[in-house]
$ cat input.cif   # mmCIF, C-alpha atoms and all ligand atoms
data_query
#
loop_
_atom_site.group_PDB
_atom_site.id
_atom_site.type_symbol
_atom_site.label_atom_id
_atom_site.label_comp_id
_atom_site.auth_asym_id
_atom_site.auth_seq_id
_atom_site.Cartn_x
_atom_site.Cartn_y
_atom_site.Cartn_z
ATOM 1 C CA MET A 1 -49.093 -34.840 77.386
ATOM 2 C CA GLU A 2 -49.616 -38.392 76.272
ATOM 3 C CA TRP A 3 -50.111 -37.418 72.593
ATOM 4 C CA LYS A 4 -46.474 -36.343 72.328
ATOM 5 C CA LYS A 5 -45.410 -39.961 72.374
ATOM 6 C CA GLN A 6 -47.211 -40.315 69.031
ATOM 7 C CA ASN A 7 -45.582 -37.188 67.557
ATOM 8 C CA LYS A 8 -43.047 -38.041 64.836
ATOM 9 C CA THR A 9 -40.408 -35.411 65.638
ATOM 10 C CA TYR A 10 -40.702 -36.196 69.339
ATOM 11 C CA GLN A 11 -40.327 -39.938 68.735
ATOM 12 C CA ILE A 12 -37.380 -39.532 66.376
ATOM 13 C CA LEU A 13 -35.443 -37.200 68.675
ATOM 14 C CA THR A 14 -36.215 -39.119 71.854
ATOM 15 C CA ALA A 15 -34.782 -42.252 70.251
ATOM 16 C CA ALA A 16 -31.751 -40.292 68.986
ATOM 17 C CA GLU A 17 -30.916 -38.866 72.392
ATOM 18 C CA LYS A 18 -31.254 -42.280 73.978
ATOM 19 C CA GLY A 19 -29.088 -43.834 71.256
ATOM 20 C CA GLY A 20 -26.438 -41.110 71.328
ATOM 21 C CA TYR A 21 -26.696 -40.144 67.655
ATOM 22 C CA GLY A 22 -27.842 -37.089 65.718
ATOM 23 C CA VAL A 23 -30.687 -36.857 63.199
ATOM 24 C CA VAL A 24 -29.957 -34.796 60.102
ATOM 25 C CA ALA A 25 -32.573 -32.069 59.555
ATOM 26 C CA PRO A 26 -31.956 -30.493 56.126
ATOM 27 C CA ILE A 27 -33.882 -27.595 54.606
ATOM 28 C CA ALA A 28 -36.000 -28.613 51.608
ATOM 29 C CA TYR A 29 -36.590 -25.960 48.949
ATOM 30 C CA ASN A 30 -38.151 -28.091 46.233
ATOM 31 C CA ILE A 31 -39.393 -31.545 45.258
ATOM 32 C CA GLU A 32 -35.922 -32.679 44.196
ATOM 33 C CA GLY A 33 -34.681 -31.936 47.705
ATOM 34 C CA ILE A 34 -37.497 -33.912 49.301
ATOM 35 C CA ILE A 35 -37.015 -36.908 46.969
ATOM 36 C CA GLY A 36 -33.248 -36.972 47.556
ATOM 37 C CA MET A 37 -33.572 -36.670 51.333
ATOM 38 C CA VAL A 38 -36.108 -39.493 51.575
ATOM 39 C CA ALA A 39 -34.062 -41.688 49.221
ATOM 40 C CA ALA A 40 -31.022 -41.205 51.472
ATOM 41 C CA ALA A 41 -32.992 -42.044 54.620
ATOM 42 C CA GLU A 42 -34.295 -45.252 53.051
ATOM 43 C CA ALA A 43 -30.924 -46.244 51.580
ATOM 44 C CA LYS A 44 -29.207 -45.666 54.944
ATOM 45 C CA SER A 45 -32.092 -47.001 57.023
ATOM 46 C CA SER A 46 -31.979 -43.730 58.931
ATOM 47 C CA PRO A 47 -34.568 -41.492 60.574
ATOM 48 C CA LEU A 48 -34.916 -38.027 59.038
ATOM 49 C CA ILE A 49 -36.419 -34.625 59.784
ATOM 50 C CA ILE A 50 -37.297 -32.633 56.661
ATOM 51 C CA GLN A 51 -37.296 -28.920 57.427
ATOM 52 C CA MET A 52 -38.690 -25.936 55.609
ATOM 53 C CA PHE A 53 -38.308 -22.240 56.061
ATOM 54 C CA PRO A 54 -41.479 -20.118 56.254
ATOM 55 C CA TRP A 55 -40.535 -19.059 52.754
ATOM 56 C CA ALA A 56 -41.724 -22.453 51.482
ATOM 57 C CA LEU A 57 -45.246 -21.803 52.786
ATOM 58 C CA THR A 58 -45.666 -18.461 51.106
ATOM 59 C CA PHE A 59 -43.842 -19.464 47.943
ATOM 60 C CA SER A 60 -45.817 -22.659 47.322
ATOM 61 C CA ASN A 61 -48.979 -21.851 49.304
ATOM 62 C CA GLY A 62 -48.285 -24.908 51.475
ATOM 63 C CA LEU A 63 -47.950 -27.358 48.558
ATOM 64 C CA LEU A 64 -44.378 -28.246 49.414
ATOM 65 C CA VAL A 65 -45.385 -29.103 52.977
ATOM 66 C CA HIS A 66 -48.079 -31.465 51.721
ATOM 67 C CA ALA A 67 -45.564 -33.076 49.376
ATOM 68 C CA ALA A 68 -43.072 -33.619 52.204
ATOM 69 C CA ALA A 69 -45.777 -34.992 54.503
ATOM 70 C CA GLN A 70 -46.915 -37.411 51.800
ATOM 71 C CA ALA A 71 -43.330 -38.550 51.204
ATOM 72 C CA ALA A 72 -42.880 -39.011 54.958
ATOM 73 C CA ARG A 73 -46.047 -41.098 55.230
ATOM 74 C CA ASP A 74 -45.049 -43.322 52.296
ATOM 75 C CA ALA A 75 -41.462 -43.855 53.491
ATOM 76 C CA SER A 76 -40.245 -47.100 55.039
ATOM 77 C CA VAL A 77 -38.327 -45.194 57.764
ATOM 78 C CA PRO A 78 -39.459 -42.603 60.379
ATOM 79 C CA ILE A 79 -39.572 -39.132 58.826
ATOM 80 C CA ALA A 80 -40.905 -35.934 60.392
ATOM 81 C CA VAL A 81 -41.707 -32.586 58.772
ATOM 82 C CA HIS A 82 -40.631 -29.488 60.688
ATOM 83 C CA LEU A 83 -40.993 -25.728 60.181
ATOM 84 C CA ASP A 84 -37.716 -23.944 60.940
ATOM 85 C CA HIS A 85 -37.493 -20.379 62.317
ATOM 86 C CA ALA A 86 -41.138 -19.339 62.225
ATOM 87 C CA GLN A 87 -40.824 -15.728 63.400
ATOM 88 C CA ASP A 88 -44.300 -14.451 62.694
ATOM 89 C CA GLU A 89 -47.347 -15.263 64.804
ATOM 90 C CA ALA A 90 -49.859 -15.243 61.949
ATOM 91 C CA LEU A 91 -47.629 -17.535 59.930
ATOM 92 C CA ILE A 92 -47.257 -19.979 62.834
ATOM 93 C CA LYS A 93 -51.034 -20.215 63.101
ATOM 94 C CA ARG A 94 -51.290 -20.825 59.374
ATOM 95 C CA ALA A 95 -48.547 -23.459 59.567
ATOM 96 C CA ALA A 96 -50.339 -25.220 62.410
ATOM 97 C CA ASP A 97 -53.108 -26.097 59.949
ATOM 98 C CA LEU A 98 -50.598 -27.690 57.561
ATOM 99 C CA PRO A 99 -49.224 -31.228 58.074
ATOM 100 C CA PHE A 100 -46.189 -30.202 60.152
ATOM 101 C CA ASP A 101 -45.132 -32.507 62.982
ATOM 102 C CA SER A 102 -43.230 -29.712 64.709
ATOM 103 C CA ILE A 103 -42.607 -25.973 64.475
ATOM 104 C CA MET A 104 -39.793 -23.749 65.663
ATOM 105 C CA VAL A 105 -41.445 -20.859 67.447
ATOM 106 C CA ASP A 106 -38.678 -18.298 67.063
ATOM 107 C CA MET A 107 -39.470 -15.137 68.997
ATOM 108 C CA SER A 108 -35.793 -14.357 69.581
ATOM 109 C CA HIS A 109 -36.145 -10.984 67.848
ATOM 110 C CA TYR A 110 -38.209 -9.820 70.864
ATOM 111 C CA GLU A 111 -36.831 -8.850 74.245
ATOM 112 C CA MET A 112 -36.786 -11.692 76.756
ATOM 113 C CA ASP A 113 -40.090 -11.095 78.611
ATOM 114 C CA GLU A 114 -42.017 -10.618 75.400
ATOM 115 C CA ASN A 115 -40.184 -13.553 73.816
ATOM 116 C CA LEU A 116 -41.198 -15.885 76.654
ATOM 117 C CA ARG A 117 -44.791 -14.667 76.738
ATOM 118 C CA LYS A 118 -45.292 -15.101 72.987
ATOM 119 C CA THR A 119 -43.462 -18.440 72.988
ATOM 120 C CA ARG A 120 -45.721 -19.791 75.733
ATOM 121 C CA GLU A 121 -48.866 -18.713 73.850
ATOM 122 C CA LEU A 122 -47.758 -20.168 70.545
ATOM 123 C CA VAL A 123 -46.518 -23.413 72.097
ATOM 124 C CA GLU A 124 -49.990 -23.881 73.534
ATOM 125 C CA TYR A 125 -51.568 -23.097 70.169
ATOM 126 C CA CYS A 126 -49.369 -25.694 68.441
ATOM 127 C CA ASN A 127 -49.803 -28.301 71.162
ATOM 128 C CA GLU A 128 -53.594 -28.055 70.846
ATOM 129 C CA ARG A 129 -53.039 -29.220 67.270
ATOM 130 C CA ARG A 130 -50.667 -31.986 68.366
ATOM 131 C CA ILE A 131 -47.622 -30.199 67.006
ATOM 132 C CA THR A 132 -44.447 -30.193 69.091
ATOM 133 C CA THR A 133 -42.251 -27.103 69.314
ATOM 134 C CA GLU A 134 -38.691 -25.824 69.296
ATOM 135 C CA ALA A 135 -37.406 -22.470 70.541
ATOM 136 C CA GLU A 136 -34.164 -20.566 70.738
ATOM 137 C CA PRO A 137 -33.111 -19.160 74.122
ATOM 138 C CA GLY A 138 -30.461 -16.528 73.588
ATOM 139 C CA ARG A 139 -30.069 -15.474 69.987
ATOM 140 C CA ILE A 140 -28.117 -17.292 67.294
ATOM 141 C CA GLU A 141 -26.294 -14.629 65.318
ATOM 142 C CA GLY A 142 -26.681 -13.985 61.598
ATOM 143 C CA GLY A 143 -29.186 -14.832 58.883
ATOM 144 C CA GLU A 144 -29.858 -17.463 56.225
ATOM 145 C CA ASP A 145 -31.424 -17.321 52.782
ATOM 146 C CA GLY A 146 -35.138 -17.795 53.374
ATOM 147 C CA ILE A 147 -35.403 -16.567 56.962
ATOM 148 C CA ALA A 148 -35.491 -13.017 58.294
ATOM 149 C CA ASP A 149 -32.030 -11.620 58.842
ATOM 150 C CA THR A 150 -31.429 -10.622 62.439
ATOM 151 C CA ALA A 151 -28.010 -9.197 61.616
ATOM 152 C CA ASP A 152 -29.072 -5.861 63.104
ATOM 153 C CA LEU A 153 -29.655 -7.642 66.410
ATOM 154 C CA GLU A 154 -26.841 -8.728 68.644
ATOM 155 C CA GLY A 155 -26.249 -12.454 69.058
ATOM 156 C CA LYS A 156 -26.613 -13.633 72.659
ATOM 157 C CA LEU A 157 -25.194 -16.825 74.058
ATOM 158 C CA THR A 158 -27.600 -19.069 75.939
ATOM 159 C CA THR A 159 -27.370 -19.193 79.722
ATOM 160 C CA ALA A 160 -28.517 -21.944 82.094
ATOM 161 C CA GLU A 161 -31.158 -19.574 83.568
ATOM 162 C CA GLN A 162 -32.664 -19.016 80.133
ATOM 163 C CA VAL A 163 -32.877 -22.766 79.631
ATOM 164 C CA GLU A 164 -35.085 -22.992 82.724
ATOM 165 C CA SER A 165 -37.385 -20.178 81.524
ATOM 166 C CA PHE A 166 -37.748 -21.733 78.089
ATOM 167 C CA VAL A 167 -38.338 -25.263 79.298
ATOM 168 C CA ALA A 168 -41.110 -23.763 81.435
ATOM 169 C CA THR A 169 -42.893 -22.513 78.285
ATOM 170 C CA GLY A 170 -43.563 -26.136 77.359
ATOM 171 C CA ILE A 171 -41.211 -26.467 74.374
ATOM 172 C CA ASP A 172 -39.849 -29.880 73.417
ATOM 173 C CA PHE A 173 -36.667 -28.956 71.556
ATOM 174 C CA LEU A 174 -34.183 -26.276 72.472
ATOM 175 C CA ALA A 175 -31.766 -24.539 70.092
ATOM 176 C CA PRO A 176 -28.952 -23.021 72.156
ATOM 177 C CA ALA A 177 -26.434 -20.398 71.061
ATOM 178 C CA PHE A 178 -22.949 -21.494 72.207
ATOM 179 C CA GLY A 179 -20.791 -19.941 69.519
ATOM 180 C CA ASN A 180 -22.720 -21.353 66.557
ATOM 181 C CA VAL A 181 -23.912 -18.756 64.029
ATOM 182 C CA HIS A 182 -26.171 -18.676 60.984
ATOM 183 C CA GLY A 183 -24.247 -18.086 57.798
ATOM 184 C CA GLU A 184 -20.511 -18.278 57.248
ATOM 185 C CA TYR A 185 -17.770 -18.890 59.810
ATOM 186 C CA GLY A 186 -14.913 -17.475 57.760
ATOM 187 C CA SER A 187 -11.419 -18.910 57.535
ATOM 188 C CA ARG A 188 -11.165 -19.529 61.285
ATOM 189 C CA GLY A 189 -14.026 -22.042 61.217
ATOM 190 C CA PRO A 190 -16.499 -22.502 64.072
ATOM 191 C CA VAL A 191 -15.305 -21.680 67.605
ATOM 192 C CA LEU A 192 -17.743 -23.398 69.920
ATOM 193 C CA GLU A 193 -18.060 -23.257 73.698
ATOM 194 C CA TYR A 194 -18.483 -26.931 74.528
ATOM 195 C CA GLU A 195 -18.506 -26.186 78.247
ATOM 196 C CA ARG A 196 -21.492 -23.935 77.737
ATOM 197 C CA LEU A 197 -23.206 -26.677 75.728
ATOM 198 C CA GLU A 198 -22.556 -29.075 78.592
ATOM 199 C CA ALA A 199 -23.965 -26.612 81.161
ATOM 200 C CA ILE A 200 -27.046 -26.160 78.945
ATOM 201 C CA ARG A 201 -27.481 -29.912 78.613
ATOM 202 C CA ILE A 202 -27.311 -30.343 82.369
ATOM 203 C CA ALA A 203 -29.788 -27.480 82.884
ATOM 204 C CA THR A 204 -32.343 -29.175 80.610
ATOM 205 C CA GLY A 205 -32.380 -32.137 82.978
ATOM 206 C CA GLY A 206 -33.464 -34.377 80.091
ATOM 207 C CA ARG A 207 -36.770 -32.493 79.737
ATOM 208 C CA VAL A 208 -36.088 -31.322 76.152
ATOM 209 C CA ARG A 209 -33.930 -32.453 73.226
ATOM 210 C CA ILE A 210 -31.150 -30.193 71.953
ATOM 211 C CA ALA A 211 -31.139 -28.831 68.368
ATOM 212 C CA LEU A 212 -27.970 -27.609 66.676
ATOM 213 C CA HIS A 213 -28.243 -24.623 64.333
ATOM 214 C CA GLY A 214 -25.606 -22.941 62.168
ATOM 215 C CA THR A 215 -23.685 -25.931 60.784
ATOM 216 C CA ASN A 216 -22.487 -24.412 57.501
ATOM 217 C CA ASP A 217 -19.114 -25.926 56.559
ATOM 218 C CA PHE A 218 -18.902 -27.838 59.848
ATOM 219 C CA PRO A 219 -15.994 -30.297 59.744
ATOM 220 C CA GLU A 220 -16.966 -33.875 60.633
ATOM 221 C CA ASP A 221 -15.154 -33.809 63.970
ATOM 222 C CA VAL A 222 -16.999 -30.661 65.097
ATOM 223 C CA MET A 223 -20.326 -32.246 64.195
ATOM 224 C CA LYS A 224 -19.453 -35.402 66.103
ATOM 225 C CA ARG A 225 -18.258 -33.424 69.117
ATOM 226 C CA CYS A 226 -21.598 -31.572 69.280
ATOM 227 C CA ILE A 227 -23.551 -34.828 69.126
ATOM 228 C CA LYS A 228 -21.350 -36.242 71.874
ATOM 229 C CA GLY A 229 -22.260 -33.102 73.824
ATOM 230 C CA GLY A 230 -25.949 -34.021 73.709
ATOM 231 C CA VAL A 231 -27.226 -32.617 70.406
ATOM 232 C CA SER A 232 -29.853 -34.836 68.762
ATOM 233 C CA LYS A 233 -31.364 -32.576 66.050
ATOM 234 C CA VAL A 234 -28.779 -31.460 63.519
ATOM 235 C CA ASN A 235 -29.981 -28.610 61.283
ATOM 236 C CA VAL A 236 -28.152 -28.563 57.971
ATOM 237 C CA ASN A 237 -28.555 -26.259 55.029
ATOM 238 C CA LYS A 238 -25.417 -25.430 53.044
ATOM 239 C CA LEU A 239 -23.783 -28.823 53.741
ATOM 240 C CA ILE A 240 -26.528 -30.506 51.715
ATOM 241 C CA LEU A 241 -27.096 -27.745 49.166
ATOM 242 C CA ASP A 242 -23.535 -27.061 48.015
ATOM 243 C CA ASP A 243 -23.002 -29.907 45.547
ATOM 244 C CA TYR A 244 -26.585 -29.709 44.301
ATOM 245 C CA LEU A 245 -26.169 -26.028 43.411
ATOM 246 C CA GLN A 246 -22.779 -26.727 41.873
ATOM 247 C CA HIS A 247 -24.383 -29.394 39.692
ATOM 248 C CA LEU A 248 -27.137 -27.015 38.522
ATOM 249 C CA LYS A 249 -24.659 -24.280 37.657
ATOM 250 C CA LYS A 250 -22.375 -26.633 35.801
ATOM 251 C CA ASN A 251 -24.944 -28.612 33.832
ATOM 252 C CA ALA A 252 -28.020 -26.419 33.317
ATOM 253 C CA SER A 253 -26.985 -25.368 29.812
ATOM 254 C CA THR A 254 -26.087 -28.831 28.516
ATOM 255 C CA MET A 255 -28.348 -31.419 30.181
ATOM 256 C CA SER A 256 -32.023 -31.906 29.344
ATOM 257 C CA LEU A 257 -34.229 -30.694 32.180
ATOM 258 C CA THR A 258 -35.380 -34.167 33.240
ATOM 259 C CA VAL A 259 -31.815 -35.450 33.473
ATOM 260 C CA LEU A 260 -30.721 -32.274 35.254
ATOM 261 C CA LEU A 261 -33.419 -32.827 37.922
ATOM 262 C CA GLU A 262 -32.711 -36.542 38.303
ATOM 263 C CA GLU A 263 -28.984 -35.952 38.664
ATOM 264 C CA GLY A 264 -29.767 -33.169 41.129
ATOM 265 C CA VAL A 265 -31.695 -35.602 43.318
ATOM 266 C CA LYS A 266 -28.634 -37.886 43.319
ATOM 267 C CA GLU A 267 -26.457 -35.007 44.546
ATOM 268 C CA VAL A 268 -28.857 -34.333 47.434
ATOM 269 C CA GLN A 269 -28.971 -38.031 48.288
ATOM 270 C CA ARG A 270 -25.175 -38.347 48.234
ATOM 271 C CA MET A 271 -24.656 -35.387 50.586
ATOM 272 C CA MET A 272 -27.430 -36.601 52.885
ATOM 273 C CA GLU A 273 -25.986 -40.103 53.138
ATOM 274 C CA TRP A 274 -22.623 -38.603 54.038
ATOM 275 C CA GLN A 275 -24.136 -36.534 56.849
ATOM 276 C CA MET A 276 -26.192 -39.470 58.128
ATOM 277 C CA ASP A 277 -22.937 -41.404 58.488
ATOM 278 C CA VAL A 278 -21.280 -38.435 60.226
ATOM 279 C CA CYS A 279 -24.180 -37.994 62.649
ATOM 280 C CA GLY A 280 -24.426 -41.727 63.358
ATOM 281 C CA SER A 281 -28.075 -42.171 62.354
ATOM 282 C CA THR A 282 -27.262 -44.755 59.687
ATOM 283 C CA GLY A 283 -28.976 -48.044 60.533
ATOM 284 C CA LYS A 284 -31.022 -46.483 63.368
ATOM 285 C CA ALA A 285 -34.433 -46.433 61.656
HETATM 286 ZN ZN ZN B 301 -31.348 -21.786 62.663
#

$ encode --input "input.cif" --output "structure tokens" --more "lines below"
Ligand SMILES: [Zn+2]
Amino acid sequence: MEWKKQNKTYQILTAAEKGGYGVVAPIAYNIEGIIGMVAAAEAKSSPLIIQMFPWALTFSNGLLVHAAAQAARDASVPIAVHLDHAQDEALIKRAADLPFDSIMVDMSHYEMDENLRKTRELVEYCNERRITTEAEPGRIEGGEDGIADTADLEGKLTTAEQVESFVATGIDFLAPAFGNVHGEYGSRGPVLEYERLEAIRIATGGRVRIALHGTNDFPEDVMKRCIKGGVSKVNVNKLILDDYLQHLKKNASTMSLTVLLEEGVKEVQRMMEWQMDVCGSTGKA
């Protein structure tokens, strides 16, 4: 698949794995998010993957995706636009007509055989449109604002055998479950199985890049340990959102709207720059 070498997400993550750093992939909910993320990438001379939940497609009828794609094209650093946790087949097909570089085909709410069959079909559909794909072998527990909650389903840790089955579907990026969860970790913090991550990495045999999900409140050392363990795509949501939301709550009643939005962008940029330093992508663009 020669075209993959021209695919933005593929290029960015291939370089990251080779260079031993992680690329921050935050969820964008609005224009302020996109502007702040791109500003951080340019200020830090860092690659970036802007992610959206399927919610963004339905909410904005695709407008937000076009805005992110335009920002990515105009940027002075490599930026990809990715759809996170697409769990609905009709929506994936709709998304494949939007300017996404890559899509997470998440069929983890199906039983394994059905999951693999649907994943293979949808990977092919996306690939025909030159879109690369991510999937989740096992099942990462919990839910996030903006994606379907799978809390009624049991989380399942990824096994080496599953890695083989999923790589065979033709995916490019693999999101393993090794103790990471969507949502909150509680006072104990994340308890990750690094040995499992290592076994998964070995099982991939370098055929796919590894994506890390469920990084809410991750301490810096945990993030760095995961990247050392072979992770190259670092999904972040709450880590970037927290201070932005805090700012809105604190200042919405006193600041003028334009200043509120501009200051909000600065909050996003500040958090992004911090995570780019943590993940080691600073200066890698
Ligand atoms: Zn996720």

$ resolve_selection --input "input.cif" --expression "the PyMOL selection byres (((chain A and resi 279) around 12) and not hetatm)" --output "PyMOL selection string"
chain A and resi 16-17+19-25+44+46-48+212+218-228+230-236+272-278+280-284

$ residues_around --input "input.cif" --residues "Pro190 in chain A" --least-positions-apart "2" --cutoff "10 Å" --atoms "all atoms listed in the file" --output "PyMOL selection string"
chain A and resi 179-181+184-188+192-193+214-219+222

$ residues_near_point --input "input.cif" --point "(-39.7, -15.8, 67.1)" --cutoff "12 Å" --atoms "only C-alpha atoms" --output "count of residues only"
41

$ resolve_selection --input "input.cif" --expression "the PyMOL selection byres (((chain A and resi 9) around 8) and not hetatm)" --output "VMD selection string"
chain A and resid 7 to 8 10 to 13 49 79 to 82 101 to 102 132

$ resolve_selection --input "input.cif" --expression "the PyMOL selection byres (((chain A and resi 195-208) around 9) and not hetatm)" --output "list in words"
Thr14, Leu157, Thr158, Thr159, Ala160, Glu161, Val163, Glu164, Val167, Ile171, Asp172, Phe173, Leu174, Pro176, Ala177, Phe178, Leu192, Glu193, Tyr194, Arg209, Ile210, Cys226, Gly229, Gly230 and Val231 of chain A

$ atom_distance --input "input.cif" --atom1 "CA of Leu257 in chain A" --atom2 "CA of Asp74 in chain A"
26.1 Å

$ residues_around --input "input.cif" --residues "Lys250 in chain A" --least-positions-apart "6" --cutoff "12 Å" --atoms "only C-alpha atoms" --output "PDB file with C-alpha atoms, keeping the file's coordinate frame"
ATOM      1  CA  ASP A 243     -23.002 -29.907  45.547  1.00  0.00           C
ATOM      2  CA  TYR A 244     -26.585 -29.709  44.301  1.00  0.00           C
ATOM      3  CA  LEU A 260     -30.721 -32.274  35.254  1.00  0.00           C
ATOM      4  CA  GLU A 263     -28.984 -35.952  38.664  1.00  0.00           C
ATOM      5  CA  GLY A 264     -29.767 -33.169  41.129  1.00  0.00           C
TER       6      GLY A 264
END

$ closest_residue --input "input.cif" --among "A:Leu239, A:Leu261, A:Ala15, A:Ala95" --to "Ala56 in chain A" --atoms "all atoms listed in the file"
A:Ala95

$ atom_distance --input "input.cif" --atom1 "CA of Gly170 in chain A" --atom2 "CA of Thr58 in chain A"
27.4 Å

$ atom_distance --input "input.cif" --atom1 "CA of Ala39 in chain A" --atom2 "CA of Gln269 in chain A"
6.3 Å

$ closest_residue --input "input.cif" --among "A:Ala71, A:Ile50, A:Leu83, A:Ala28" --to "ligand ZN 301 (chain B)" --atoms "all atoms listed in the file"
A:Leu83

$ closest_residue --input "input.cif" --among "A:Met1, A:Ala68, A:Met255, A:Ile131" --to "Ile35 in chain A" --atoms "all atoms listed in the file"
A:Ala68

$ closest_residue --input "input.cif" --among "A:Ile240, A:Ala211, A:Met271, A:Val191" --to "ligand ZN 301 (chain B)" --atoms "all atoms listed in the file"
A:Ala211

$ closest_residue --input "input.cif" --among "A:Gln51, A:Ser45, A:Thr169, A:Ser253" --to "ligand ZN 301 (chain B)" --atoms "all atoms listed in the file"
A:Gln51

$ closest_residue --input "input.cif" --among "A:Leu245, A:Ile27, A:Ala72, A:Val265" --to "ligand ZN 301 (chain B)" --atoms "only C-alpha atoms and all ligand atoms"
A:Ile27

$ build_atoms --input "input.cif" --residues "range 241-253 of chain A" --atoms "N, CA and C atoms" --output "PDB file, in the coordinates of the input"
ATOM      1  N   LEU A 241     -26.809 -28.503  50.390  1.00  0.00           N
ATOM      2  CA  LEU A 241     -27.096 -27.745  49.166  1.00  0.00           C
ATOM      3  C   LEU A 241     -25.911 -27.584  48.222  1.00  0.00           C
ATOM      4  N   ASP A 242     -24.719 -27.455  48.784  1.00  0.00           N
ATOM      5  CA  ASP A 242     -23.535 -27.061  48.015  1.00  0.00           C
ATOM      6  C   ASP A 242     -23.358 -27.806  46.682  1.00  0.00           C
ATOM      7  N   ASP A 243     -23.286 -29.131  46.757  1.00  0.00           N
ATOM      8  CA  ASP A 243     -23.002 -29.907  45.547  1.00  0.00           C
ATOM      9  C   ASP A 243     -24.177 -29.896  44.574  1.00  0.00           C
ATOM     10  N   TYR A 244     -25.385 -29.798  45.140  1.00  0.00           N
ATOM     11  CA  TYR A 244     -26.585 -29.709  44.301  1.00  0.00           C
ATOM     12  C   TYR A 244     -26.549 -28.426  43.464  1.00  0.00           C
ATOM     13  N   LEU A 245     -26.232 -27.315  44.115  1.00  0.00           N
ATOM     14  CA  LEU A 245     -26.169 -26.028  43.411  1.00  0.00           C
ATOM     15  C   LEU A 245     -25.042 -26.022  42.380  1.00  0.00           C
ATOM     16  N   GLN A 246     -23.931 -26.609  42.761  1.00  0.00           N
ATOM     17  CA  GLN A 246     -22.779 -26.727  41.873  1.00  0.00           C
ATOM     18  C   GLN A 246     -23.172 -27.467  40.599  1.00  0.00           C
ATOM     19  N   HIS A 247     -23.896 -28.566  40.804  1.00  0.00           N
ATOM     20  CA  HIS A 247     -24.383 -29.394  39.692  1.00  0.00           C
ATOM     21  C   HIS A 247     -25.287 -28.582  38.768  1.00  0.00           C
ATOM     22  N   LEU A 248     -26.220 -27.818  39.349  1.00  0.00           N
ATOM     23  CA  LEU A 248     -27.137 -27.015  38.522  1.00  0.00           C
ATOM     24  C   LEU A 248     -26.361 -25.996  37.695  1.00  0.00           C
ATOM     25  N   LYS A 249     -25.433 -25.316  38.354  1.00  0.00           N
ATOM     26  CA  LYS A 249     -24.659 -24.280  37.657  1.00  0.00           C
ATOM     27  C   LYS A 249     -23.844 -24.869  36.509  1.00  0.00           C
ATOM     28  N   LYS A 250     -23.269 -26.024  36.781  1.00  0.00           N
ATOM     29  CA  LYS A 250     -22.375 -26.633  35.801  1.00  0.00           C
ATOM     30  C   LYS A 250     -23.131 -27.216  34.611  1.00  0.00           C
ATOM     31  N   ASN A 251     -24.308 -27.798  34.863  1.00  0.00           N
ATOM     32  CA  ASN A 251     -24.944 -28.612  33.832  1.00  0.00           C
ATOM     33  C   ASN A 251     -26.233 -28.061  33.241  1.00  0.00           C
ATOM     34  N   ALA A 252     -26.711 -26.933  33.758  1.00  0.00           N
ATOM     35  CA  ALA A 252     -28.020 -26.419  33.317  1.00  0.00           C
ATOM     36  C   ALA A 252     -28.066 -26.136  31.812  1.00  0.00           C
ATOM     37  N   SER A 253     -26.950 -25.744  31.226  1.00  0.00           N
ATOM     38  CA  SER A 253     -26.985 -25.368  29.812  1.00  0.00           C
ATOM     39  C   SER A 253     -26.783 -26.558  28.878  1.00  0.00           C
TER      40      SER A 253
END
